[in-house]
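> Pasting in a structure now, in C-alpha cells, and then I'll have a few things to ask.
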Amino acid sequence: MNNITLAPIQVDQPSHLMPVFGRQPISFVRGRGSYLYTADGTEYFDALTGIAVCGLGHAHPVIADAIADQAATLIHTSNLFEVPWQTAAAQKLAEVSGMEEIFFSNSGAEANEGAIKIARKFGCMQGIARPKIIVADRSFHGRTMATLAATGNKKVQEGFGPLVEGFIRVPFGDLDAIKEAAVHHPDIVAVFVEPIQGEGGVNTAPQGFSYLEEIRQLCNQHQWLMMLDEVQTGNGRTGQYFAYQHTQIVPDVLTTAKGLGNGFPIGAVMTQGRGVGVLTAGNHGSTYSGSALGSRVVYTVIDLIQKENLVENAAHMGAYIVEQLKQQLADQHVIVRGFGLMIGIELPKACAQLVDIARDEHQLIINVTAGSVIRLLPVLNITQTQADHLVDTLVKMIKSFLA
Ligand SMILES: *Cc1c(COP(=O)(O)O)cnc(C)c1O
C-alpha cells in the first residue's frame with residue numbers, strides 16, 4: 001500500500017450532484033473484506049457489498065494489485081487493435097458459463113441493451129418487422145431507454161415516455177401467460193427474465209428453477225431466443241457460477257455485470273446456440289468495451305472465484321444462513337427465500353427504516369427492496385463466524401421490529 005494519507009474531503013453545500021439517489025447520511029472511507037470504515041474508524045459489517053458487486057470483498061489485495069499493475073502498464077488501446085486480456089477474460093467467462101461469443105459492456109444496463117439488440121436483429125433476420133420480447137412483471141433490467149421499458153416497474157418508467165416498444169409483459173413464473181402471448185403475437189422473438197428477481201424483492205418463481213427449464217422448452221418449440229439477465233444472480237452469487245446452472249439448460253443469450261468486476265464497472269452479453277452470429281461487424285460497439293484494465297480485472301475475479309472455491313462457499317453458507325433464519329424466525333410472520341448468498345426476508349409490513357436501524361444500532365449494512373423485503377448480498381467468502389453474527393443481529397432486529 002502507499003503512504004498517502006487521506007485528508008477528509010470538504011463537501012460544498014449545496015451539492016452539485018443531480019439528486020437522483022436517495023442517499024443515507026454516511027460515507028465510508030475505507031473497506032477490507034466484509035467490513036467498511038467511516039473516517040472516525042467505526043467498523044460496519046457489509047451485507048450488501050455495493051449491491052452484489054464486491055463479492056470478493058472490499059479492497060481485495062489480489063484485485064488491487066492487478067488493477068495497479070495494469071494501470072501502470074496499459075489501460076486502454078480501443079478495439080481497433082487486438083486486446084489480449086480481453087481474449088483471455090472472454091475465455092474464462094466462456095469456461096464458467098458454457099457460452100460461446102462474448103461482448104464486454106460497461107454496466108448491466110448496457111449488457112441488457114446488447115441482449116435486446118440481439119433479439120431485434122434475430123427478428124429482422126427472419127423478416128419480422130416489429131419483433132417482440134416477453135418480459136416479466138416486477139423485473140429490473142436497468143435505466144437506459146430500452147432497459148427501463150423492459151423493466152416491470154412503473155416508477156422506473158414514469159416521466160420517460162414514449163417508451164421503447166416491443167415488450168410483452170407477463171407475470172413472473174407464469175408459463176401459461178407466455179403460451180397465451182404466443183397465440184396472439186406471431187412476432188415474438190425472445191423471452192427475457194431474471195432467474196431470481198433482485199430489485200423486485202428476491203423473487204424466486206413459484207416452481208423454482210424448473211421455470212427456466214420450461215421457458216427453455218417453449219423457446220425451443222417456437223424458435224425464440226431464451227435470454228437471461230444474470231446481472232445480479234451471476235458470478236457465484238446464488239451458489240452456482242450462473243443461476244441457470246442450478247438446471248441442465250443453457251440460455252441463448254446471457255447478460256451479467258455487478259460481481260463480474262468486483263467494483264470495476266464492467267458487464268458482458270454472451271451468446272450460444274441460436275444467439276451466435278447474430279451481431280456482426282459494425283452492429284455493436286463501445287469505446288471502453290473490454291479495455292485491457294477492465295478485462296484483466298474480470299480475468300482476475302473469475303480466477304479468484306475458481307481458486308478460492310467461492311461458488312461452493314456461497315452455496316454452503318447461503319443454505320446455512322437461510323436455514324438459521326427460518327429456524328430462528330419460525331414464530332415470526334416472515335418468509336425467507338433465496339439461493340446461495342442472494343437472500344430475501346419478506347416481512348409482513350413495510351420495513352424501510354430497518355436499513356437505518358441496522359446501520360445506526362448494529363453497524364450492519366443491509367438493503368430493503370420492494371418495500372418489505374430485507375435483501376442480503378454479503379461477500380461470497382463469508383465465514384461461519386460472520387454468518388452467525390449476521391443471523392444473530394438480524395433475528396434480534398426483526399423480532400424487536402415486529403414485536
Ligand atoms: C443492477 C441490475 C441491472 C442494471 O445494472 P447497471 O450496472 O446498474 O446498469 C440490470 N439487471 C439486473 C437484474 C440488475 O440487478
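Order determines the names: the first chain of the C-alpha cells is A, the second B, and so forth; residues in each chain are numbered 1 upward, and ligands are numbered 1 upward as they are shown.
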Step by step, measure atom-to-atom distances between ligand 1 and each residue using only C-alpha atoms and all ligand atoms, keep those at most 6 Å, then write them as JSON, numbers by chain.

{"A": [107, 108, 109, 140, 141, 142, 194, 198, 229, 230, 231, 232]}

> Fewer than 3 positions away in the same chain doesn't count, so skip those; otherwise give me all residues within 8 Å of A:Ile51, counting only C-alpha atoms, as a PyMOL selection string.

chain A and resi 48+54+258+377

> Please run DSSP on the backbone and report, as a ChimeraX atom specification, all residues within stretch 59-187 of chain A that come out as strand (DSSP E).

/A:101-105,132-136,167-170

> What lies within 12 Å of A:Glu43 using only C-alpha atoms, ignoring chain neighbours under 2 positions off, as a PyMOL selection string?

chain A and resi 27-41+45-46+359-360+362-365

> Of the residues A:Val355, A:Leu218, A:Val301, A:Val322, which is the one nearest to A:Asp176, using only C-alpha atoms?

A:Leu218
